[in-house]
>>> print(open('input.tsv').read())   # TSV, C-alpha atoms
chain	number	residue	atom	x	y	z
A	25	MET	CA	2.99	18.52	-26.15
A	26	THR	CA	2.45	20.79	-23.14
A	27	ASP	CA	5.53	21.66	-21.15
A	28	ILE	CA	5.29	20.20	-17.64
A	29	ALA	CA	6.46	23.50	-16.13
A	30	ASP	CA	3.47	25.24	-17.75
A	31	ARG	CA	0.92	22.78	-16.40
A	32	PRO	CA	-1.30	24.15	-13.61
A	33	THR	CA	-0.39	22.84	-10.19
A	34	LEU	CA	-2.88	20.89	-8.08
A	35	THR	CA	-4.84	23.17	-5.81
A	36	THR	CA	-4.29	22.65	-2.11
A	37	THR	CA	-7.67	23.81	-0.83
A	38	ALA	CA	-9.52	21.60	1.60
A	39	PRO	CA	-11.32	18.64	-0.01
A	40	PRO	CA	-15.13	18.63	-0.24
A	41	ALA	CA	-17.18	17.68	2.81
A	42	ILE	CA	-16.48	14.05	3.66
A	43	ALA	CA	-19.31	11.70	2.83
A	44	GLU	CA	-19.94	8.48	4.68
A	45	PRO	CA	-18.59	5.37	2.89
A	46	THR	CA	-21.24	3.63	0.84
A	47	GLU	CA	-20.48	0.25	2.44
A	48	HIS	CA	-20.63	-0.07	6.20
A	49	ALA	CA	-19.55	-2.90	8.44
A	50	PRO	CA	-22.45	-5.31	9.02
A	51	ARG	CA	-24.08	-4.80	12.39
A	52	CYS	CA	-24.01	-7.77	14.68
A	53	ALA	CA	-24.44	-7.93	18.46
A	54	ALA	CA	-21.53	-9.21	20.52
A	55	SER	CA	-23.73	-11.95	21.96
A	56	GLN	CA	-24.40	-13.27	18.46
A	57	LEU	CA	-20.70	-13.29	17.63
A	58	ARG	CA	-19.92	-15.34	20.74
A	59	GLU	CA	-22.28	-18.13	19.67
A	60	GLU	CA	-21.95	-20.60	16.82
A	61	TRP	CA	-22.05	-18.79	13.47
A	62	ASP	CA	-20.81	-19.67	10.04
A	63	ALA	CA	-17.38	-18.67	8.78
A	64	ALA	CA	-18.72	-16.53	5.93
A	65	GLU	CA	-20.53	-14.18	8.32
A	66	ALA	CA	-17.47	-13.93	10.56
A	67	ARG	CA	-15.16	-13.13	7.68
A	68	GLY	CA	-17.63	-10.66	6.18
A	69	TYR	CA	-17.77	-8.71	9.43
A	70	PHE	CA	-14.00	-8.79	9.79
A	71	ALA	CA	-13.30	-7.81	6.17
A	72	ALA	CA	-15.69	-4.87	6.33
A	73	ALA	CA	-14.03	-3.57	9.48
A	74	VAL	CA	-10.44	-3.80	8.34
A	75	THR	CA	-10.70	-3.24	4.58
A	76	VAL	CA	-13.44	-0.70	4.06
A	77	LEU	CA	-13.06	1.56	7.08
A	78	PRO	CA	-9.48	1.61	8.40
A	79	HIS	CA	-8.46	4.76	10.31
A	80	SER	CA	-11.99	6.23	10.44
A	81	GLU	CA	-13.66	7.00	13.77
A	82	GLN	CA	-16.22	4.26	13.12
A	83	ALA	CA	-13.47	1.73	12.45
A	84	ARG	CA	-11.70	2.49	15.71
A	85	GLY	CA	-14.75	1.35	17.63
A	86	ILE	CA	-15.12	-1.73	15.44
A	87	LEU	CA	-11.48	-2.69	15.89
A	88	GLN	CA	-11.75	-2.30	19.65
A	89	HIS	CA	-14.78	-4.59	19.51
A	90	LEU	CA	-12.77	-7.10	17.49
A	91	GLU	CA	-9.98	-6.99	20.07
A	92	ASP	CA	-12.55	-7.73	22.78
A	93	LEU	CA	-13.90	-10.62	20.73
A	94	LEU	CA	-10.40	-12.00	20.35
A	95	ASP	CA	-9.83	-11.85	24.11
A	96	ASP	CA	-13.16	-13.61	24.73
A	97	ALA	CA	-12.46	-16.27	22.09
A	98	VAL	CA	-9.02	-17.06	23.44
A	99	ALA	CA	-10.43	-17.34	26.97
A	100	ASP	CA	-13.18	-19.74	25.85
A	101	GLU	CA	-11.96	-23.27	26.53
A	102	GLY	CA	-14.28	-24.73	23.89
A	103	VAL	CA	-13.37	-22.32	21.13
A	104	GLU	CA	-11.43	-24.85	19.04
A	105	SER	CA	-14.59	-26.89	18.56
A	106	SER	CA	-15.66	-24.28	16.01
A	107	ALA	CA	-13.69	-24.00	12.79
A	108	ALA	CA	-15.27	-20.59	12.16
A	109	ARG	CA	-14.03	-19.24	15.46
A	110	ARG	CA	-10.63	-20.82	15.02
A	111	VAL	CA	-10.20	-19.07	11.68
A	112	LEU	CA	-11.48	-15.79	13.11
A	113	ILE	CA	-8.92	-15.97	15.92
A	114	ALA	CA	-6.18	-16.42	13.33
A	115	ASP	CA	-7.56	-13.55	11.23
A	116	LEU	CA	-7.80	-11.18	14.18
A	117	THR	CA	-4.39	-12.12	15.53
A	118	GLU	CA	-2.70	-11.58	12.18
A	119	TYR	CA	-4.49	-8.31	11.57
A	120	LEU	CA	-3.72	-6.84	14.98
A	121	GLU	CA	-0.09	-7.95	14.74
A	122	GLU	CA	0.17	-6.31	11.31
A	123	ARG	CA	-1.25	-3.03	12.61
A	124	ARG	CA	1.26	-3.03	15.47
A	125	GLY	CA	4.33	-4.35	13.74
A	126	ARG	CA	4.25	-4.25	9.98
A	127	GLY	CA	7.83	-3.01	10.01
A	128	ARG	CA	9.12	-6.45	10.91
A	129	PRO	CA	11.59	-7.99	8.46
A	130	THR	CA	9.87	-9.66	5.52
A	131	MET	CA	11.32	-13.07	6.28
A	132	ALA	CA	10.09	-12.93	9.89
A	133	ARG	CA	6.58	-12.17	8.65
A	134	LEU	CA	6.88	-15.04	6.17
A	135	ASN	CA	7.83	-17.56	8.86
A	136	GLU	CA	4.96	-16.41	11.11
A	137	LEU	CA	2.50	-16.70	8.25
A	138	ARG	CA	3.60	-20.25	7.46
A	139	TYR	CA	3.21	-21.29	11.09
A	140	LYS	CA	-0.30	-19.86	11.35
A	141	MET	CA	-1.32	-21.39	8.03
A	142	SER	CA	-0.33	-24.84	9.29
A	143	SER	CA	-2.55	-24.39	12.36
A	144	ILE	CA	-5.57	-23.45	10.24
A	145	GLN	CA	-5.12	-26.36	7.81
A	146	ALA	CA	-6.08	-28.70	10.63
A	147	VAL	CA	-9.59	-27.28	10.94
A	148	VAL	CA	-10.67	-26.11	7.48
A	149	PRO	CA	-11.00	-28.03	4.20
A	150	GLU	CA	-8.52	-27.74	1.35
A	151	GLY	CA	-9.42	-24.83	-0.91
A	152	ASP	CA	-11.05	-22.83	1.89
A	153	PRO	CA	-10.65	-19.05	1.38
A	154	ALA	CA	-8.82	-18.80	4.71
A	155	ILE	CA	-6.10	-21.08	3.31
A	156	GLU	CA	-6.06	-19.64	-0.20
A	157	ARG	CA	-5.68	-16.06	1.03
A	158	ARG	CA	-2.70	-17.01	3.17
A	159	ARG	CA	-1.11	-18.97	0.33
A	160	THR	CA	-1.31	-15.88	-1.84
A	161	GLU	CA	0.25	-13.75	0.88
A	162	GLU	CA	3.04	-16.31	1.32
A	163	VAL	CA	3.89	-16.19	-2.38
A	164	VAL	CA	3.86	-12.39	-2.42
A	165	LEU	CA	6.16	-12.16	0.61
A	166	ARG	CA	8.61	-14.47	-1.15
A	167	GLY	CA	8.33	-12.33	-4.25
A	168	TYR	CA	9.68	-9.30	-2.40
A	169	ASP	CA	13.03	-11.09	-2.30
A	170	PRO	CA	14.74	-10.44	-5.69
A	171	ALA	CA	16.25	-13.94	-5.62
A	172	GLN	CA	12.76	-15.50	-5.37
A	173	ARG	CA	10.77	-12.97	-7.40
A	174	ASP	CA	10.75	-14.81	-10.74
A	175	GLY	CA	9.47	-18.01	-9.11
A	176	ALA	CA	6.80	-16.15	-7.12
A	177	ILE	CA	5.54	-14.36	-10.23
A	178	ALA	CA	5.36	-17.67	-12.09
A	179	GLU	CA	3.35	-19.22	-9.22
A	180	LEU	CA	0.88	-16.36	-9.10
A	181	ARG	CA	0.42	-16.43	-12.86
A	182	LEU	CA	-0.70	-20.08	-12.59
A	183	ILE	CA	-3.54	-19.21	-10.22
A	184	VAL	CA	-4.58	-15.77	-11.52
A	185	ASP	CA	-7.33	-16.14	-14.13
A	186	LEU	CA	-9.49	-13.10	-14.78
A	187	TRP	CA	-10.59	-13.95	-18.30
A	188	ASP	CA	-12.69	-17.09	-17.88
A	189	PRO	CA	-15.72	-16.44	-20.13
A	190	HIS	CA	-17.93	-18.69	-18.00
A	191	ARG	CA	-17.63	-16.94	-14.63
A	192	ALA	CA	-16.80	-13.60	-13.07
A	193	PRO	CA	-13.66	-13.44	-10.94
A	194	ASP	CA	-14.30	-13.42	-7.20
A	195	HIS	CA	-12.72	-11.14	-4.60
A	196	LEU	CA	-9.78	-13.50	-4.06
A	197	ALA	CA	-9.01	-13.69	-7.79
A	198	LEU	CA	-9.03	-9.90	-8.12
A	199	SER	CA	-6.85	-9.50	-5.02
A	200	ARG	CA	-4.38	-12.01	-6.44
A	201	ALA	CA	-4.28	-10.11	-9.72
A	202	LEU	CA	-3.44	-6.86	-7.94
A	203	ARG	CA	-0.76	-8.56	-5.83
A	204	LEU	CA	0.76	-10.05	-8.99
A	205	ALA	CA	0.74	-6.58	-10.53
A	206	SER	CA	2.70	-5.23	-7.54
A	207	LEU	CA	5.42	-7.86	-8.02
A	208	LEU	CA	5.53	-7.17	-11.76
A	209	ARG	CA	6.08	-3.48	-11.04
A	210	LEU	CA	8.94	-4.38	-8.72
A	211	ARG	CA	10.63	-6.49	-11.41
A	212	GLY	CA	9.94	-3.69	-13.84
A	213	THR	CA	10.62	-4.92	-17.39
A	214	SER	CA	8.54	-3.32	-20.14
A	215	ARG	CA	6.54	-6.54	-20.53
A	216	ASP	CA	5.99	-6.68	-16.76
A	217	ILE	CA	4.62	-3.15	-16.69
A	218	GLU	CA	2.27	-3.86	-19.58
A	219	GLU	CA	1.01	-7.02	-17.86
A	220	ALA	CA	0.56	-5.13	-14.58
A	221	ARG	CA	-1.53	-2.53	-16.38
A	222	ARG	CA	-3.68	-5.17	-18.03
A	223	LEU	CA	-4.31	-6.95	-14.71
A	224	THR	CA	-5.09	-3.71	-12.89
A	225	ASP	CA	-7.43	-2.42	-15.59
A	226	THR	CA	-9.36	-5.70	-15.50
A	227	ALA	CA	-9.62	-5.56	-11.70
A	228	ILE	CA	-10.95	-2.00	-11.90
A	229	GLN	CA	-13.56	-3.00	-14.48
A	230	TRP	CA	-14.84	-5.94	-12.43
A	231	ARG	CA	-14.82	-4.10	-9.11
A	232	SER	CA	-16.67	-1.17	-10.68
A	233	ARG	CA	-19.26	-3.55	-12.09
A	234	VAL	CA	-19.73	-5.51	-8.86
A	235	HIS	CA	-19.23	-2.87	-6.16
A	236	GLY	CA	-19.55	0.49	-7.92
A	237	ALA	CA	-17.06	3.06	-9.17
A	238	GLU	CA	-16.57	4.67	-5.75
A	239	HIS	CA	-16.43	1.59	-3.55
A	240	PRO	CA	-13.20	1.46	-1.47
A	241	LEU	CA	-12.09	-1.72	-3.24
A	242	THR	CA	-12.48	-0.02	-6.64
A	243	ILE	CA	-10.64	3.07	-5.43
A	244	ALA	CA	-7.79	0.85	-4.15
A	245	ALA	CA	-7.52	-0.78	-7.58
A	246	ARG	CA	-7.42	2.65	-9.21
A	247	LEU	CA	-4.55	3.58	-6.88
A	248	ALA	CA	-2.66	0.55	-8.20
A	249	ALA	CA	-3.25	1.91	-11.72
A	250	VAL	CA	-1.64	5.22	-10.73
A	251	ARG	CA	1.38	3.34	-9.40
A	252	ASN	CA	1.60	1.45	-12.69
A	253	VAL	CA	2.29	4.81	-14.34
A	254	LEU	CA	4.54	6.41	-11.71
A	255	GLU	CA	6.81	3.59	-10.59
A	256	PRO	CA	8.42	2.84	-13.99
A	257	LEU	CA	9.11	6.57	-14.35
A	258	GLU	CA	10.67	6.66	-10.88
A	259	ALA	CA	12.91	3.75	-11.80
A	260	ARG	CA	14.03	5.58	-14.95
A	261	ARG	CA	14.70	8.75	-12.99
A	262	ASP	CA	17.05	6.78	-10.73
A	263	GLU	CA	19.29	6.40	-13.78
A	264	GLY	CA	19.26	10.10	-14.69
A	265	PRO	CA	16.94	12.91	-15.80
A	266	LEU	CA	13.81	11.79	-17.59
A	267	ARG	CA	13.79	12.25	-21.34
A	268	ALA	CA	11.54	14.84	-22.89
A	269	GLY	CA	9.29	12.10	-24.20
A	270	ALA	CA	8.35	11.10	-20.65
A	271	ALA	CA	6.47	14.37	-20.06
A	272	ASP	CA	3.16	12.96	-21.31
A	273	ALA	CA	3.42	9.94	-19.00
A	274	VAL	CA	4.25	12.19	-16.04
A	275	ALA	CA	1.27	14.41	-16.87
A	276	LEU	CA	-0.99	11.33	-17.10
A	277	GLY	CA	0.16	10.06	-13.70
A	278	SER	CA	-0.33	13.50	-12.18
A	279	ASP	CA	-3.85	13.84	-13.57
A	280	MET	CA	-4.82	10.31	-12.49
A	281	ALA	CA	-3.51	10.87	-8.95
A	282	ALA	CA	-5.18	14.27	-8.56
A	283	SER	CA	-8.55	12.98	-9.79
A	284	LEU	CA	-8.40	9.89	-7.59
A	285	TYR	CA	-7.42	11.90	-4.53
A	286	GLY	CA	-10.52	14.05	-4.92
A	287	THR	CA	-12.69	10.92	-5.02
A	288	ALA	CA	-10.93	9.14	-2.15
A	289	ALA	CA	-11.02	12.19	0.14
A	290	ARG	CA	-14.72	12.71	-0.54
A	291	VAL	CA	-15.78	9.08	-0.14
A	292	LEU	CA	-13.38	7.81	2.52
A	293	GLY	CA	-12.12	10.96	4.22
A	294	GLU	CA	-8.70	12.47	3.71
A	295	HIS	CA	-7.22	10.59	6.71
A	296	HIS	CA	-8.00	7.18	5.21
A	297	SER	CA	-4.90	5.20	4.22
A	298	ILE	CA	-6.04	5.01	0.57
A	299	SER	CA	-6.51	8.79	0.47
A	300	VAL	CA	-3.10	9.38	2.02
A	301	GLY	CA	-1.50	6.95	-0.42
A	302	THR	CA	-3.16	8.77	-3.31
A	303	LEU	CA	-1.99	12.18	-2.10
A	304	ALA	CA	1.50	10.69	-1.80
A	305	CYS	CA	1.23	9.80	-5.50
A	306	VAL	CA	0.31	13.43	-6.24
A	307	ALA	CA	3.57	14.42	-4.52
A	308	ARG	CA	5.52	11.73	-6.38
A	309	ALA	CA	4.14	12.96	-9.70
A	310	ALA	CA	5.20	16.52	-8.86
A	311	ARG	CA	8.68	15.20	-8.06
A	312	LEU	CA	8.88	13.53	-11.47
A	313	ALA	CA	7.69	16.74	-13.11
A	314	GLU	CA	10.60	18.62	-11.47
A	315	ARG	CA	8.29	20.72	-9.32
A	316	PRO	CA	10.00	20.33	-5.93
A	317	ALA	CA	7.96	23.02	-4.19
A	318	ASP	CA	4.69	21.27	-5.14
A	319	ALA	CA	6.15	17.88	-4.25
A	320	ARG	CA	7.12	19.12	-0.80
A	321	LEU	CA	3.76	20.81	-0.24
A	322	HIS	CA	1.71	17.71	-1.04
A	323	ALA	CA	4.10	15.37	0.78
A	324	GLU	CA	4.01	17.49	3.94
A	325	ARG	CA	0.23	17.56	3.84
A	326	ALA	CA	0.03	13.78	3.37
A	327	LEU	CA	2.53	13.19	6.18
A	328	ALA	CA	0.49	15.41	8.51
A	329	LEU	CA	-2.58	13.29	7.80
A	330	THR	CA	-0.77	10.22	9.19
A	331	ALA	CA	0.00	11.92	12.50
A	332	GLY	CA	-1.07	10.07	15.59
A	333	ARG	CA	-1.17	6.55	14.19
A	334	ASP	CA	1.32	3.73	13.92
A	335	GLU	CA	3.42	4.38	10.81
A	336	ARG	CA	4.28	0.70	10.54
A	337	ALA	CA	0.70	0.09	9.40
A	338	ASP	CA	0.84	2.49	6.47
A	339	ALA	CA	2.73	0.35	3.94
A	340	GLY	CA	5.82	2.56	4.03
A	341	VAL	CA	4.02	5.66	2.75
A	342	PRO	CA	5.34	7.97	5.54
A	343	ALA	CA	8.92	6.90	4.73
A	344	ILE	CA	8.38	7.69	1.05
A	345	LEU	CA	6.92	11.06	1.97
A	346	ARG	CA	9.92	11.89	4.13
A	347	PHE	CA	12.22	11.12	1.23
A	348	VAL	CA	10.22	13.36	-1.12
A	349	ILE	CA	10.33	16.21	1.40
A	350	ALA	CA	14.06	15.71	2.02
A	351	GLU	CA	14.89	15.70	-1.69
A	352	SER	CA	12.80	18.83	-2.18
A	353	GLU	CA	14.63	20.55	0.69
A	354	VAL	CA	18.00	19.73	-0.86
A	355	THR	CA	16.84	20.90	-4.27
A	356	ALA	CA	15.75	24.19	-2.76
A	357	ALA	CA	19.05	24.56	-0.89
A	358	SER	CA	21.29	23.81	-3.83
A	359	SER	CA	20.97	23.83	-7.59
A	360	LEU	CA	23.62	21.10	-7.66
A	361	LEU	CA	21.26	18.18	-7.04
A	362	GLY	CA	22.29	15.45	-9.46
A	363	ARG	CA	25.96	16.45	-9.09
A	364	PRO	CA	27.15	14.54	-6.01
A	365	ASP	CA	30.57	16.22	-6.16
A	366	GLY	CA	28.87	19.55	-5.59
A	367	LEU	CA	26.59	18.23	-2.87
A	368	GLN	CA	29.56	16.86	-0.96
A	369	ARG	CA	30.86	20.40	-0.63
A	370	TRP	CA	27.46	21.67	0.53
A	371	MET	CA	27.92	21.19	4.28
A	372	PRO	CA	24.72	20.83	6.34
A	373	ARG	CA	25.69	23.79	8.52
A	374	ARG	CA	25.58	26.03	5.44
A	375	ASP	CA	21.81	25.73	5.16
A	376	PRO	CA	19.27	24.47	7.73
A	377	ARG	CA	17.23	22.85	4.95
A	378	VAL	CA	20.01	20.39	4.26
A	379	GLY	CA	20.23	19.55	7.95
A	380	ARG	CA	16.49	18.94	8.02
A	381	ALA	CA	16.78	16.74	4.95
A	382	ILE	CA	19.37	14.54	6.68
A	383	VAL	CA	17.06	14.08	9.68
A	384	LEU	CA	14.15	13.15	7.40
A	385	LEU	CA	16.27	10.66	5.45
A	386	ASP	CA	17.45	8.99	8.64
A	387	GLU	CA	13.86	8.72	9.88
A	388	ALA	CA	12.76	7.25	6.55
A	389	LYS	CA	15.61	4.76	6.59
A	390	ALA	CA	14.69	3.60	10.09
A	391	ALA	CA	11.02	3.21	9.14
A	392	ILE	CA	11.79	1.07	6.08
A	393	GLY	CA	14.13	-1.25	7.95
A	394	HIS	CA	14.30	-4.67	6.32
A	395	ARG	CA	11.14	-4.39	4.22
A	396	LEU	CA	12.09	-5.80	0.85
A	397	SER	CA	9.00	-4.38	-0.88
A	398	LEU	CA	10.45	-0.88	-0.35
A	399	ALA	CA	13.92	-1.70	-1.69
A	400	PRO	CA	13.80	0.96	-4.46
A	401	TRP	CA	13.06	3.69	-1.91
A	402	ASN	CA	15.74	2.34	0.41
A	403	ALA	CA	18.27	2.72	-2.42
A	404	ARG	CA	17.09	6.28	-3.16
A	405	ILE	CA	17.46	7.23	0.49
A	406	ASP	CA	20.99	5.77	0.59
A	407	ARG	CA	22.05	7.64	-2.55
A	408	LEU	CA	20.81	11.03	-1.39
A	409	ARG	CA	22.09	10.52	2.14
A	410	ALA	CA	25.57	9.63	0.84
A	411	ALA	CA	25.59	12.71	-1.38
A	412	LEU	CA	24.99	14.94	1.65
A	413	HIS	CA	28.04	13.75	3.60
>>> encode(input="input.tsv", output="structure tokens")
Amino acid sequence: MTDIADRPTLTTTAPPAIAEPTEHAPRCAASQLREEWDAAEARGYFAAAVTVLPHSEQARGILQHLEDLLDDAVADEGVESSAARRVLIADLTEYLEERRGRGRPTMARLNELRYKMSSIQAVVPEGDPAIERRRTEEVVLRGYDPAQRDGAIAELRLIVDLWDPHRAPDHLALSRALRLASLLRLRGTSRDIEEARRLTDTAIQWRSRVHGAEHPLTIAARLAAVRNVLEPLEARRDEGPLRAGAADAVALGSDMAASLYGTAARVLGEHHSISVGTLACVARAARLAERPADARLHAERALALTAGRDERADAGVPAILRFVIAESEVTAASSLLGRPDGLQRWMPRRDPRVGRAIVLLDEAKAAIGHRLSLAPWNARIDRLRAALH
């Protein structure tokens, strides 16, 4: 088994020239969108804009166009005569609110989702994708609460079926599988992790077959597979140093993250949220491998790529990056990390790196707020911050 310390570090040279995504948002004139049109076309346009191209220059123009459409639709007195438009208004409103305020407490988001779902149920038939997608989101939000997690996982298991021999799973089924995998990782038993891996691997296989190996949806599923490897290791590290036998798993997670980052940066651009999330996993893998200098380097680069946009829309990644940088700073300032008694005597004024770490931890804590999905990182921040007092 190769010693982690002897493994070559990931190079930090600029990624290859950025290629245009293979799937572009469908082109449709504003005049066409303001007339009667079916819900599938509306949702296809919306999904392409917000799923495939977030944070790219092209997407900024699309999202501005969507905001204009929302303003026009709301101003149209006859808009509620069209179920397609009514659903689109709900989709746009939810999306724009998420981009501007994803840091809201989980329970507040849950209550808003339930209210909006009730308004849509009046205009679309039972089983409509607009309803089913929101039902899935409602279950997942409940699952972030540890007291409701077991019930939410049981509910999702009842509706996730990827192995029907008579039909291929659709986009909603694959999305549900990946959301279930995220809750299983949070609960974190050995059986949960194995189930999460099985669900994620199946989603990758189907998305590769349907969309291609480098489609953004396939890349996103591959990112979930990287997290399946890293997050159980991170949970074990919370309890103490990783055992020697974990080195192979750490190396696997590091290799998976590095390979995926190269693909994501080339296909989507390094500023894309998936690319940034993948580079964050490269930093997390370096942290697990006890390479704090590499962890800090990759985390600082990833954090720089998020500059200039609303951090609340990045699924907590900037907060995680700040923690990784802070922990690396403390490690560099003191060899006593892991011995809180020693850290308590290491006063911030003794080394500016410790002072910087405290600032980063406080910023990370503020960004996480009441987001239950980031509870493990919240606990890590609290532990390190307490050790520095």
>>> axis_aligned_box(input="input.tsv", around="segment 324-332 of chain A", padding_each_side="4 Å", output="AutoDock Vina command-line options")
--center_x 0.7 --center_y 13.8 --center_z 9.5 --size_x 14.6 --size_y 15.5 --size_z 20.2
>>> closest_residue(input="input.tsv", among="A:Ala288, A:Ala259, A:Leu202, A:Val378", to="Thr160 of chain A", atoms="all atoms listed in the file")
A:Leu202
>>> residues_around(input="input.tsv", residues="Val163 of chain A", least_positions_apart="5", cutoff="10 Å", atoms="only C-alpha atoms", output="list of chain:residue names")
A:Leu134, A:Arg158, A:Tyr168, A:Gln172, A:Arg173, A:Gly175, A:Ala176, A:Ile177, A:Ala178, A:Glu179, A:Leu180, A:Arg203, A:Leu204
>>> residues_around(input="input.tsv", residues="Ser278 of chain A", least_positions_apart="5", cutoff="9 Å", atoms="all atoms listed in the file", output="MDAnalysis selection string")
chainID A and resid 34 250 254 273 283 305:310 313
>>> closest_residue(input="input.tsv", among="A:Ala282, A:Ala270, A:Leu165, A:Leu327", to="Ser297 of chain A", atoms="only C-alpha atoms")
A:Leu327
>>> closest_atom_pairs(input="input.tsv", of="segment 290-358 of chain A", to="segment 383-400 of chain A", cutoff="8 Å", atoms="all atoms listed in the file", output="JSON lines")
{"residue": "A:Glu335", "atom": "CA", "partner": "A:Ala391", "partner_atom": "CA", "distance": 7.9}
{"residue": "A:Arg336", "atom": "CA", "partner": "A:Ala391", "partner_atom": "CA", "distance": 7.3}
{"residue": "A:Gly340", "atom": "CA", "partner": "A:Ile392", "partner_atom": "CA", "distance": 6.5}
{"residue": "A:Pro342", "atom": "CA", "partner": "A:Ala388", "partner_atom": "CA", "distance": 7.5}
{"residue": "A:Ala343", "atom": "CA", "partner": "A:Ala388", "partner_atom": "CA", "distance": 4.3}
{"residue": "A:Ile344", "atom": "CA", "partner": "A:Ala388", "partner_atom": "CA", "distance": 7.0}
{"residue": "A:Arg346", "atom": "CA", "partner": "A:Leu384", "partner_atom": "CA", "distance": 5.5}
{"residue": "A:Phe347", "atom": "CA", "partner": "A:Leu385", "partner_atom": "CA", "distance": 5.9}
{"residue": "A:Ile349", "atom": "CA", "partner": "A:Leu384", "partner_atom": "CA", "distance": 7.7}
{"residue": "A:Ala350", "atom": "CA", "partner": "A:Leu384", "partner_atom": "CA", "distance": 6.0}
>>> atom_distance(input="input.tsv", atom1="atom CA of Ala271 of chain A", atom2="atom CA of Glu255 of chain A")
14.4 Å
>>> closest_residue(input="input.tsv", among="A:Trp230, A:Leu247, A:Ala357, A:Ala403", to="Arg191 of chain A", atoms="all atoms listed in the file")
A:Trp230
>>> atom_distance(input="input.tsv", atom1="atom CA of Trp187 of chain A", atom2="atom CA of Val253 of chain A")
23.1 Å
>>> residues_around(input="input.tsv", residues="Leu186 of chain A", least_positions_apart="4", cutoff="10 Å", atoms="all atoms listed in the file", output="number ranges by chain")
A: 191-194, 197-198, 200-201, 223, 226-227, 230
>>> atom_distance(input="input.tsv", atom1="atom CA of Ile228 of chain A", atom2="atom CA of Arg246 of chain A")
6.4 Å
>>> closest_residue(input="input.tsv", among="A:Leu312, A:Ala171, A:Ala275, A:Ile243", to="Ala289 of chain A", atoms="only C-alpha atoms")
A:Ile243
>>> closest_residue(input="input.tsv", among="A:Gly269, A:Gly212, A:Glu263, A:Leu345", to="Ala328 of chain A", atoms="only C-alpha atoms")
A:Leu345
